[in-house]
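Here the structure is laid out as C-alpha cells; the discussion comes afterwards.
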Amino acid sequence: MLKKLFKSKKESQLLLKKELFEIEIEKLKNEIRKKDGFLKCKNSLFTETENKKKQEKNWQEIEEQLKKYHKENNDLRDSLKEIERILPILPLKFNYLIPIEKYLYEVKFKEVVEILRNKGNKFVQNLNEYIVDNLSIEDEIKIYLKNKIKKFENLEINWNLKTHLLKGEKLSKIYSKHRKFTNMMLSENREFISNLDEYNFDALINKGYSLEEIKELKEIYQNYTLKYRIENL
C-alpha cells in the first residue's frame, strides 16, 4: 500500500515537473517568437533605412547632376549672349591688332615678350613659327609658344580676346582721361572703339563740349584705328 502511495506520489511529482517544464518551454517559445518578431521588425527597419539612405543618396546625386546641368545651361546662355553682344549681323570688314603681352601674359613668357618687342614683333598677328624658331629661348618654351600661336589662329582664345579682336579695345581704356565721354557712350551702348566708326563727334557741341575737346576725342579715335585696325582680306 505504501509502495503504491509512494509510486503515485512520485508519478504526481513527475507529472507536475512535466507540466512545469511544458509551461517553461511554452514561455521560452513565446519569448523566442517575440524576439524573432523583434528581429524581423529590426531587420525591416534596417532595410527601410538602408533603402532610404540609398534613395537619399540617389536624390543627392540627381540633385548634383541637375545643379551641374543648370550651371552648364547658364554658362551656355551667357556664352550665347556674349556672342550676340560682340558679333554683328553683317560680316566684319576689320579686325584689331592684339598686343603680345595681352595674349602671352603668363610669367614664363615675360622674357620672350620683351625679346619679341625688341625685335619689332609687338602684336600677336605678327607671330609665326619662323619667328619663334629664330628666338634664342628654350625648346620647351618654343613648343608652347607655337601651340599658343596655333590656338590664336584657330580662334581658340577667351571671350575678352575675341571681343578685342573683333571690336577693338574698350573705350574706357582708350579714353581713360575722358570719363564723362565714356560714361555717355556707355549710356548709348557704345563700349568698344568700333562702336565709334559712324559716330558724329561734331554733334558733341550740342552736349557742352568745346571744339578743342571734340578735336581731341576725334584724334584719339583716328590714332587708335590707324595703329591697331587691320582690314580683313
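Labels for the C-alpha cells follow display order: chains A, B, ..., residues from 1 in each chain, ligands from 1.
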
Check which residues of region 121-152 of chain A sit at most 12 Å from region 208-229 of chain A using only C-alpha atoms, and return one row each with the closest pair of atoms and their distance in Å to one decimal, ordered by chain and rising number, as CSV.
```
residue,atom,partner,partner_atom,distance
A:Lys122,CA,A:Tyr228,CA,11.0
A:Phe123,CA,A:Tyr228,CA,9.3
A:Val124,CA,A:Tyr228,CA,11.7
A:Gln125,CA,A:Tyr228,CA,10.9
```

Near Glu231 (chain A), within 9 Å and counting only C-alpha atoms, which residues show up once chain neighbours fewer than 2 positions away are dropped, as number ranges by chain? A: 93-96, 229, 233

Any chance you could export the current selection's C-alpha atoms as a PDB file, in the first residue's frame?
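The file below, again.pdb, is the result:
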```
ATOM      1  CA  LYS A  93      35.389  94.324 -92.525  1.00  0.00           C
ATOM      2  CA  PHE A  94      38.108  94.913 -89.954  1.00  0.00           C
ATOM      3  CA  ASN A  95      39.959  93.198 -87.122  1.00  0.00           C
ATOM      4  CA  TYR A  96      42.153  94.747 -84.470  1.00  0.00           C
ATOM      5  CA  ARG A 229      42.888  98.302 -87.100  1.00  0.00           C
ATOM      6  CA  LEU A 233      41.149  90.041 -96.690  1.00  0.00           C
TER       7      LEU A 233
END
```

Which residue, A:Glu129, A:Glu169, A:Glu191, A:Glu138, has the smallest gap to Lys102 (chain A) when you use only C-alpha atoms? A:Glu169

Using DSSP on the backbone coordinates, identify all residues within region 89-217 of chain A classified as strand (DSSP E or B); present the result as an mmCIF file with N, CA and C atoms, in the first residue's frame.
```cif
data_model
loop_
_atom_site.group_PDB
_atom_site.id
_atom_site.type_symbol
_atom_site.label_atom_id
_atom_site.label_comp_id
_atom_site.auth_asym_id
_atom_site.auth_seq_id
_atom_site.Cartn_x
_atom_site.Cartn_y
_atom_site.Cartn_z
ATOM 1 N N PHE A 94 36.829 94.700 -90.611
ATOM 2 C CA PHE A 94 38.108 94.913 -89.954
ATOM 3 C C PHE A 94 38.294 94.010 -88.736
ATOM 4 N N ASN A 95 39.562 93.791 -88.401
ATOM 5 C CA ASN A 95 39.959 93.198 -87.122
ATOM 6 C C ASN A 95 40.914 94.166 -86.439
ATOM 7 N N TYR A 96 41.247 93.865 -85.204
ATOM 8 C CA TYR A 96 42.153 94.747 -84.470
ATOM 9 C C TYR A 96 43.355 93.971 -83.948
ATOM 10 N N PRO A 99 48.078 93.313 -78.708
ATOM 11 C CA PRO A 99 49.448 93.352 -78.183
ATOM 12 C C PRO A 99 49.851 91.989 -77.621
ATOM 13 N N PHE A 123 52.690 92.598 -81.897
ATOM 14 C CA PHE A 123 51.316 92.103 -81.917
ATOM 15 C C PHE A 123 51.259 90.603 -82.215
ATOM 16 N N LYS A 170 38.418 98.568 -75.313
ATOM 17 C CA LYS A 170 37.293 99.245 -74.662
ATOM 18 C C LYS A 170 37.535 100.757 -74.633
ATOM 19 N N PHE A 192 33.007 99.685 -77.195
ATOM 20 C CA PHE A 192 34.296 99.434 -77.837
ATOM 21 C C PHE A 192 34.589 100.481 -78.909
#
```

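Remark: for Leu104 (chain A), the closest of the candidate residues A:Leu161, A:Phe181, A:Glu61, A:Ser136 is A:Leu161 (distances computed over only C-alpha atoms).
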
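The set of residues in region 158-196 of chain A assigned to alpha helix (DSSP H) by DSSP, using only backbone atoms of this structure, is Trp159, Asn160, Leu161, Lys162, Thr163, His164, Leu165, Leu166, Lys167, Leu171, Ser172, Lys173, Ile174, Arg179, Lys180, Phe181, Thr182, Asn183, Met184, Met185, Leu186 and Ser187 of chain A.
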
Find the residues around Ile149 (chain A) up to 7 Å (only C-alpha atoms counted), leave out those fewer than 4 positions away in its own chain, and share them as a ChimeraX atom specification. /A:128,145,153

Dump C-alpha atoms for the selected residues as a PDB file, in the first residue's frame?
```pdb
ATOM      1  CA  ASN A 128      54.638  82.756 -86.791  1.00  0.00           C
ATOM      2  CA  LEU A 145      54.666  79.358 -77.887  1.00  0.00           C
ATOM      3  CA  GLU A 153      44.947  81.330 -85.490  1.00  0.00           C
TER       4      GLU A 153
END
```

Tell me, in Å to one decimal, how far CA of Trp159 (chain A) is from CA of Asn183 (chain A). 22.8 Å
